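Data first, discussion second: the structure below is written as structure tokens.
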There are 2 protein chains.
Amino acid sequence: MASTSENLTKNQKTVLGVLENSSEPMKAYTILYDIQKKGIKSPLQVYRALDKLIEIGKVHKIESRNSYVACKHEGCNAKTSTSFLICEKCDNVTELIGNNLFSYFSKQADKNNFKYNKHCLEIFGLCENCKLKNQFI
Amino acid sequence: MASTSENLTKNQKTVLGVLENSSEPMKAYTILYDIQKKGIKSPLQVYRALDKLIEIGKVHKIESRNSYVACKHEGCNAKTSTSFLICEKCDNVTELIGNNLFSYFSKQADKNNFKYNKHCLEIFGLCENCKLKNQFI
DNA sequence: AGTGTAATGTTATAATATTACATTTTGAAT
DNA sequence: ATTCAAAATGTAATATTATAACATTACACT
């Protein structure tokens, strides 16, 4: 068995727990403040846990926001690449999965004689809820 | 006439100048150190200039690197959206342009009942040069 | 000249992330 | 069981990136 939640360390479990219970992406220092009761005292402890969780694909970073989000997809293959829909109104974030972005980007890269390895994609706009609300403004 | 280089302010011209003369993306504080001779003394002056330059599409930000790059494309429409190829070996950055990413992403968003507004895409891999070098390792 | 708006200058500080180094835990090989 | 190396941890300090707050200046338009 590879890297399931079972063989995470204490700090890693704590950080992952906070993220999984959050309805939205969290910043590193917000995570820190949330778990100082649980024995984590320094930013470094959070960043180290995040690094590991990102490495094994349990957590993704949203670059444009310096935020971190737990991945809800069992066995997410987005260990390196990430693709998000980010609502500009309510900050809700959805991960794009099971699509063919990889092959599409590979082709785009090829045209520029560039060898695709991974990507990060962040699409901004309105989520379903906010879209509906917006119609009446 | 809209926002051409002509009606930029002194600070904005200075910052844009540095970026245009750089062969690679620059960080805000690197820009600052480079132009302290020219009367710009504080980070804020750099960030304000960058904000404006980004707003008018003369400069783009590379989110994953906290770096800024001058746009080489006359009348670049990427005022908001950006798409980059980033070499993991040499840090060379190329902007993807004139492609149909917009419509592709709109469709992807639609599938999730999400209204596309803009995006940032960063593709990591090997640029042409580094790809060639790599073959002999 | 007076007014409004944008840009500027300056200081301080907030927010995000890493270095350095000493210590402890873990777990596999003997 | 003991040893050993690798991984993880703890702690303090610091580096890096970005913004807040507020006073001042420049300039176009009346």
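Residues in the structure tokens are numbered from 1 in each chain, the chains being A, B, ... in the order shown, and ligands are numbered from 1 in the order shown.
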From a DSSP pass on the backbone, collect the residues of chain A flagged as alpha helix (DSSP H) and hand them back as number ranges by chain. A: 10-21, 28-34, 43-55, 101-111, 128-134
Can you tell me which residues surround Ala109 (chain A) at a distance of at most 9 Å, considering only C-alpha atoms (C1' of nucleotides), apart from same-chain residues fewer than 5 positions away, and format the answer as a PyMOL selection string? (chain A and resi 104+114-116) or (chain B and resi 85+96+123+125)
Using only C-alpha atoms and a cut-off of 7 Å, which residues of chain A sit close to chain B? Please list them as a PyMOL selection string. chain A and resi 63-64+113-128
Written selection (N, CA, C and O atoms) as a PDB file, in the first residue's frame:
ATOM      1  N   GLU A  63      -2.159  28.263  -6.673  1.00  0.00           N
ATOM      2  CA  GLU A  63      -1.039  29.196  -6.765  1.00  0.00           C
ATOM      3  C   GLU A  63      -1.466  30.660  -6.707  1.00  0.00           C
ATOM      4  O   GLU A  63      -0.828  31.472  -6.051  1.00  0.00           O
ATOM      5  N   SER A  64      -2.540  30.965  -7.387  1.00  0.00           N
ATOM      6  CA  SER A  64      -2.927  32.374  -7.472  1.00  0.00           C
ATOM      7  C   SER A  64      -3.445  32.908  -6.147  1.00  0.00           C
ATOM      8  O   SER A  64      -3.610  34.105  -5.973  1.00  0.00           O
ATOM      9  N   ASN A 113       7.437  23.143 -29.611  1.00  0.00           N
ATOM     10  CA  ASN A 113       8.610  22.300 -29.380  1.00  0.00           C
ATOM     11  C   ASN A 113       8.956  22.213 -27.895  1.00  0.00           C
ATOM     12  O   ASN A 113      10.119  22.236 -27.510  1.00  0.00           O
ATOM     13  N   PHE A 114       7.926  22.135 -27.110  1.00  0.00           N
ATOM     14  CA  PHE A 114       8.100  22.113 -25.666  1.00  0.00           C
ATOM     15  C   PHE A 114       7.613  20.768 -25.149  1.00  0.00           C
ATOM     16  O   PHE A 114       6.563  20.284 -25.570  1.00  0.00           O
ATOM     17  N   LYS A 115       8.378  20.157 -24.265  1.00  0.00           N
ATOM     18  CA  LYS A 115       7.989  18.856 -23.741  1.00  0.00           C
ATOM     19  C   LYS A 115       7.171  19.015 -22.465  1.00  0.00           C
ATOM     20  O   LYS A 115       7.682  19.413 -21.431  1.00  0.00           O
ATOM     21  N   TYR A 116       5.890  18.699 -22.571  1.00  0.00           N
ATOM     22  CA  TYR A 116       4.991  18.816 -21.426  1.00  0.00           C
ATOM     23  C   TYR A 116       5.376  17.862 -20.304  1.00  0.00           C
ATOM     24  O   TYR A 116       5.658  16.701 -20.535  1.00  0.00           O
ATOM     25  N   ASN A 117       5.351  18.379 -19.096  1.00  0.00           N
ATOM     26  CA  ASN A 117       5.534  17.498 -17.936  1.00  0.00           C
ATOM     27  C   ASN A 117       4.332  17.580 -17.007  1.00  0.00           C
ATOM     28  O   ASN A 117       3.727  16.586 -16.660  1.00  0.00           O
ATOM     29  N   LYS A 118       3.976  18.812 -16.613  1.00  0.00           N
ATOM     30  CA  LYS A 118       2.815  18.984 -15.751  1.00  0.00           C
ATOM     31  C   LYS A 118       2.279  20.399 -15.923  1.00  0.00           C
ATOM     32  O   LYS A 118       2.858  21.205 -16.649  1.00  0.00           O
ATOM     33  N   HIS A 119       1.182  20.695 -15.257  1.00  0.00           N
ATOM     34  CA  HIS A 119       0.615  22.036 -15.419  1.00  0.00           C
ATOM     35  C   HIS A 119      -0.126  22.469 -14.167  1.00  0.00           C
ATOM     36  O   HIS A 119      -0.439  21.658 -13.299  1.00  0.00           O
ATOM     37  N   CYS A 120      -0.390  23.756 -14.103  1.00  0.00           N
ATOM     38  CA  CYS A 120      -1.408  24.221 -13.176  1.00  0.00           C
ATOM     39  C   CYS A 120      -2.317  25.178 -13.917  1.00  0.00           C
ATOM     40  O   CYS A 120      -1.868  26.061 -14.640  1.00  0.00           O
ATOM     41  N   LEU A 121      -3.607  24.909 -13.786  1.00  0.00           N
ATOM     42  CA  LEU A 121      -4.617  25.690 -14.490  1.00  0.00           C
ATOM     43  C   LEU A 121      -5.608  26.227 -13.480  1.00  0.00           C
ATOM     44  O   LEU A 121      -6.133  25.477 -12.657  1.00  0.00           O
ATOM     45  N   GLU A 122      -5.854  27.523 -13.541  1.00  0.00           N
ATOM     46  CA  GLU A 122      -6.837  28.129 -12.662  1.00  0.00           C
ATOM     47  C   GLU A 122      -7.785  28.977 -13.496  1.00  0.00           C
ATOM     48  O   GLU A 122      -7.380  29.930 -14.141  1.00  0.00           O
ATOM     49  N   ILE A 123      -9.043  28.534 -13.511  1.00  0.00           N
ATOM     50  CA  ILE A 123     -10.068  29.224 -14.289  1.00  0.00           C
ATOM     51  C   ILE A 123     -10.935  30.029 -13.334  1.00  0.00           C
ATOM     52  O   ILE A 123     -11.445  29.495 -12.352  1.00  0.00           O
ATOM     53  N   PHE A 124     -11.079  31.305 -13.620  1.00  0.00           N
ATOM     54  CA  PHE A 124     -11.851  32.193 -12.761  1.00  0.00           C
ATOM     55  C   PHE A 124     -13.170  32.562 -13.424  1.00  0.00           C
ATOM     56  O   PHE A 124     -13.237  32.720 -14.641  1.00  0.00           O
ATOM     57  N   GLY A 125     -14.205  32.676 -12.599  1.00  0.00           N
ATOM     58  CA  GLY A 125     -15.506  33.049 -13.154  1.00  0.00           C
ATOM     59  C   GLY A 125     -16.564  32.945 -12.073  1.00  0.00           C
ATOM     60  O   GLY A 125     -16.314  33.264 -10.924  1.00  0.00           O
ATOM     61  N   LEU A 126     -17.747  32.488 -12.488  1.00  0.00           N
ATOM     62  CA  LEU A 126     -18.845  32.385 -11.536  1.00  0.00           C
ATOM     63  C   LEU A 126     -19.282  30.939 -11.376  1.00  0.00           C
ATOM     64  O   LEU A 126     -19.560  30.255 -12.369  1.00  0.00           O
ATOM     65  N   CYS A 127     -19.401  30.495 -10.145  1.00  0.00           N
ATOM     66  CA  CYS A 127     -19.890  29.149  -9.898  1.00  0.00           C
ATOM     67  C   CYS A 127     -21.407  29.124 -10.133  1.00  0.00           C
ATOM     68  O   CYS A 127     -22.033  30.168 -10.309  1.00  0.00           O
ATOM     69  N   GLU A 128     -21.972  27.951 -10.126  1.00  0.00           N
ATOM     70  CA  GLU A 128     -23.383  27.793 -10.455  1.00  0.00           C
ATOM     71  C   GLU A 128     -24.278  28.678  -9.580  1.00  0.00           C
ATOM     72  O   GLU A 128     -25.126  29.412 -10.084  1.00  0.00           O
TER      73      GLU A 128
END
Interatomic distance (Å, one decimal) between C1' of DC29 (chain D) and CA of Lys52 (chain B): 23.8 Å
Would you mind listing what lies within 12 Å of region 8-10 of chain C as a compact mmCIF listing (two decimals) with N, CA, C and O atoms (P, O5', C5', C4', C3', O3' and C1' of nucleotides), in the first residue's frame, with only C-alpha atoms (C1' of nucleotides) counted and same-chain residues fewer than 6 positions away left out?
# COMPACT_ATOMS: atom_id res chain seq x y z
N THR B 9 3.37 56.58 -16.70
CA THR B 9 4.07 57.52 -15.83
C THR B 9 5.53 57.13 -15.72
O THR B 9 5.93 56.06 -16.19
N LYS B 10 6.27 57.97 -15.09
CA LYS B 10 7.71 57.77 -14.95
C LYS B 10 8.02 56.40 -14.31
O LYS B 10 8.78 55.61 -14.86
N ASN B 11 7.42 56.14 -13.17
CA ASN B 11 7.69 54.87 -12.48
C ASN B 11 7.28 53.68 -13.33
O ASN B 11 7.98 52.67 -13.39
N GLN B 12 6.13 53.81 -13.95
CA GLN B 12 5.65 52.71 -14.79
C GLN B 12 6.61 52.46 -15.95
O GLN B 12 6.93 51.30 -16.27
N GLY B 39 15.61 56.37 -8.63
CA GLY B 39 14.68 57.13 -7.80
C GLY B 39 13.54 56.31 -7.20
O GLY B 39 12.74 56.83 -6.44
N ILE B 40 13.49 55.04 -7.54
CA ILE B 40 12.46 54.22 -6.92
C ILE B 40 13.06 53.55 -5.69
O ILE B 40 14.06 52.85 -5.79
N LYS B 41 12.45 53.82 -4.56
CA LYS B 41 13.08 53.39 -3.32
C LYS B 41 12.30 52.34 -2.55
O LYS B 41 12.84 51.64 -1.71
N SER B 42 11.00 52.24 -2.79
CA SER B 42 10.20 51.34 -1.97
C SER B 42 9.47 50.29 -2.81
O SER B 42 9.15 50.50 -3.97
N PRO B 43 9.24 49.14 -2.18
CA PRO B 43 8.50 48.05 -2.84
C PRO B 43 7.19 48.55 -3.43
O PRO B 43 6.82 48.18 -4.54
N LEU B 44 6.52 49.38 -2.64
CA LEU B 44 5.20 49.82 -3.07
C LEU B 44 5.22 50.51 -4.42
O LEU B 44 4.31 50.34 -5.23
N GLN B 45 6.28 51.24 -4.66
CA GLN B 45 6.36 51.93 -5.96
C GLN B 45 6.44 50.92 -7.09
O GLN B 45 5.86 51.10 -8.16
N VAL B 46 7.16 49.83 -6.83
CA VAL B 46 7.26 48.79 -7.84
C VAL B 46 5.92 48.08 -8.01
O VAL B 46 5.44 47.90 -9.13
N ARG B 48 2.97 49.12 -7.35
CA ARG B 48 1.94 49.96 -7.97
C ARG B 48 2.13 50.02 -9.48
O ARG B 48 1.17 49.93 -10.24
N ALA B 49 3.38 50.16 -9.88
CA ALA B 49 3.66 50.20 -11.31
C ALA B 49 3.27 48.87 -11.95
O ALA B 49 2.63 48.83 -13.01
P DA D 21 -5.47 50.14 6.77
O5' DA D 21 -4.64 51.45 7.11
C5' DA D 21 -3.39 51.33 7.77
C4' DA D 21 -2.75 52.69 7.88
C3' DA D 21 -3.72 53.86 7.67
O3' DA D 21 -3.39 54.86 8.61
C1' DA D 21 -1.94 54.04 6.14
P DC D 22 -4.44 56.11 8.86
O5' DC D 22 -3.61 57.31 8.25
C5' DC D 22 -2.22 57.42 8.59
C4' DC D 22 -1.54 58.34 7.61
C3' DC D 22 -2.42 59.53 7.14
O3' DC D 22 -1.64 60.69 7.21
C1' DC D 22 -1.39 58.52 5.34
P DA D 23 -2.36 62.13 7.39
O5' DA D 23 -1.17 63.07 6.92
C5' DA D 23 0.17 62.68 7.22
C4' DA D 23 1.07 63.08 6.06
C3' DA D 23 0.74 64.45 5.47
O3' DA D 23 1.93 65.19 5.29
C1' DA D 23 0.73 62.81 3.77
P DT D 24 1.88 66.66 4.57
O5' DT D 24 2.16 66.35 3.05
C5' DT D 24 3.39 65.73 2.69
C4' DT D 24 3.44 65.59 1.20
C3' DT D 24 3.24 66.91 0.42
O3' DT D 24 4.46 67.17 -0.25
C1' DT D 24 2.07 65.09 -0.56
P DT D 25 4.60 68.52 -1.16
O5' DT D 25 4.30 67.95 -2.62
C5' DT D 25 5.04 66.83 -3.10
C4' DT D 25 4.52 66.45 -4.46
C3' DT D 25 4.43 67.61 -5.46
O3' DT D 25 5.13 67.22 -6.62
C1' DT D 25 2.43 66.34 -5.43
P DA D 26 5.28 68.24 -7.87
O5' DA D 26 4.22 67.63 -8.88
C5' DA D 26 4.31 66.25 -9.26
C4' DA D 26 3.33 65.99 -10.38
C3' DA D 26 3.23 67.11 -11.41
O3' DA D 26 3.14 66.51 -12.68
C1' DA D 26 1.11 66.73 -10.44
With 9 Å as the limit and counting only C-alpha atoms (C1' of nucleotides), what residues in chain C lie close to chain A? Please list them as a list in words.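 Result, ordered by chain then number: DA15, DT16, DA17 and DT18 of chain C.
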Just the selected residues (C-alpha atoms (C1' of nucleotides)), exported as a tab-separated table (two decimals), in the first residue's frame, please.
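Now in result13.tsv:
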chain	number	residue	atom	x	y	z
C	15	DA	C1'	1.52	37.78	5.03
C	16	DT	C1'	3.93	33.99	3.07
C	17	DA	C1'	7.81	30.87	3.16
C	18	DT	C1'	12.55	29.02	4.13
Using only C-alpha atoms (C1' of nucleotides), I'd like every residue of chain D that has an atom within 12 Å of chain B; please write them out as an MDAnalysis selection string. chainID D and resid 16:20 26
